[in-house]
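Have a look at final-v6.pdb below; it lists PDB, C-alpha atoms.
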ATOM      1  CA  MET A   1      64.121 132.436  85.930  1.00  0.00           C
ATOM      2  CA  GLY A   2      67.783 132.146  84.974  1.00  0.00           C
ATOM      3  CA  VAL A   3      68.791 134.062  88.100  1.00  0.00           C
ATOM      4  CA  LEU A   4      66.992 131.521  90.275  1.00  0.00           C
ATOM      5  CA  LEU A   5      68.828 128.687  88.574  1.00  0.00           C
ATOM      6  CA  TRP A   6      72.180 130.386  89.246  1.00  0.00           C
ATOM      7  CA  LEU A   7      71.162 130.895  92.869  1.00  0.00           C
ATOM      8  CA  LEU A   8      70.250 127.225  93.138  1.00  0.00           C
ATOM      9  CA  ILE A   9      73.866 126.126  92.465  1.00  0.00           C
ATOM     10  CA  PRO A  10      75.408 127.576  95.672  1.00  0.00           C
ATOM     11  CA  VAL A  11      72.366 126.539  97.701  1.00  0.00           C
ATOM     12  CA  LEU A  12      72.769 122.929  96.548  1.00  0.00           C
ATOM     13  CA  ALA A  13      76.521 123.109  97.169  1.00  0.00           C
ATOM     14  CA  ALA A  14      75.919 124.364 100.709  1.00  0.00           C
ATOM     15  CA  LEU A  15      73.387 121.613 101.318  1.00  0.00           C
ATOM     16  CA  ALA A  16      75.844 119.006 100.056  1.00  0.00           C
ATOM     17  CA  ALA A  17      78.533 120.456 102.356  1.00  0.00           C
ATOM     18  CA  VAL A  18      76.211 120.266 105.363  1.00  0.00           C
ATOM     19  CA  LEU A  19      75.285 116.663 104.577  1.00  0.00           C
ATOM     20  CA  TYR A  20      78.924 115.682 104.109  1.00  0.00           C
ATOM     21  CA  THR A  21      79.920 117.380 107.365  1.00  0.00           C
ATOM     22  CA  ALA A  22      77.166 115.573 109.252  1.00  0.00           C
ATOM     23  CA  TRP A  23      78.232 112.256 107.721  1.00  0.00           C
ATOM     24  CA  ALA A  24      81.938 112.792 108.392  1.00  0.00           C
ATOM     25  CA  SER A  25      81.428 113.771 112.036  1.00  0.00           C
ATOM     26  CA  ARG A  26      79.037 110.959 112.891  1.00  0.00           C
ATOM     27  CA  THR A  27      79.684 108.784 115.910  1.00  0.00           C
ATOM     28  CA  ARG A  28      81.207 105.530 114.823  1.00  0.00           C
ATOM     29  CA  LYS A  29      80.028 102.358 116.481  1.00  0.00           C
ATOM     30  CA  THR A  30      83.390 100.615 116.484  1.00  0.00           C
ATOM     31  CA  GLY A  31      86.035 101.780 118.857  1.00  0.00           C
ATOM     32  CA  ASP A  32      89.745 101.270 118.987  1.00  0.00           C
ATOM     33  CA  VAL A  33      89.353  97.643 120.066  1.00  0.00           C
ATOM     34  CA  ALA A  34      89.421  96.221 116.543  1.00  0.00           C
ATOM     35  CA  GLU A  35      92.345  98.418 115.528  1.00  0.00           C
ATOM     36  CA  LEU A  36      94.325  97.525 118.644  1.00  0.00           C
ATOM     37  CA  ALA A  37      93.685  93.815 118.088  1.00  0.00           C
ATOM     38  CA  GLY A  38      94.877  94.153 114.501  1.00  0.00           C
ATOM     39  CA  TYR A  39      97.991  95.979 115.656  1.00  0.00           C
ATOM     40  CA  ALA A  40      98.699  93.232 118.207  1.00  0.00           C
ATOM     41  CA  ARG A  41      98.395  90.601 115.462  1.00  0.00           C
ATOM     42  CA  PHE A  42     100.722  92.651 113.265  1.00  0.00           C
ATOM     43  CA  ARG A  43     103.331  92.923 116.026  1.00  0.00           C
ATOM     44  CA  ALA A  44     103.110  89.180 116.723  1.00  0.00           C
ATOM     45  CA  ALA A  45     103.594  88.413 113.027  1.00  0.00           C
ATOM     46  CA  MET A  46     106.563  90.770 112.813  1.00  0.00           C
ATOM     47  CA  GLU A  47     108.160  89.209 115.878  1.00  0.00           C
ATOM     48  CA  ARG A  48     107.676  85.721 114.390  1.00  0.00           C
ATOM     49  CA  ALA A  49     109.166  86.840 111.068  1.00  0.00           C
ATOM     50  CA  HIS A  50     112.091  88.463 112.849  1.00  0.00           C
ATOM     51  CA  SER A  51     112.792  85.414 115.021  1.00  0.00           C
ATOM     52  CA  ASP A  52     112.568  83.137 111.952  1.00  0.00           C
ATOM     53  CA  SER A  53     115.188  85.220 110.118  1.00  0.00           C
ATOM     54  CA  ASP A  54     117.509  85.073 113.137  1.00  0.00           C
ATOM     55  CA  ALA A  55     117.400  81.259 113.124  1.00  0.00           C
ATOM     56  CA  ALA A  56     118.379  81.079 109.442  1.00  0.00           C
TER
END
As structure tokens:
Amino acid sequence: MGVLLWLLIPVLAALAAVLYTAWASRTRKTGDVAELAGYARFRAAMERAHSDSDAA
């Protein structure tokens, strides 16, 4: 019985690896649109901060 318990450890580890791989490679519903919009807001804020420091 002890041998079966030791065999169960790598089997459970392999199952956990398969589940993690499936979760990590899933298709995400959001695309790059949200990230690009955030980057555009960041650039606009940096340009405003840069132009404000030039006026001072």
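Interatomic distance, CA of Leu7 in chain A to CA of Leu19 in chain A: 18.9 Å.
A straight line drawn from CA of Ala37 in chain A to CA of Ser51 in chain A is 21.1 Å long.
The gap separating CA of Val33 in chain A from CA of His50 in chain A is 25.6 Å, in Å to one decimal.
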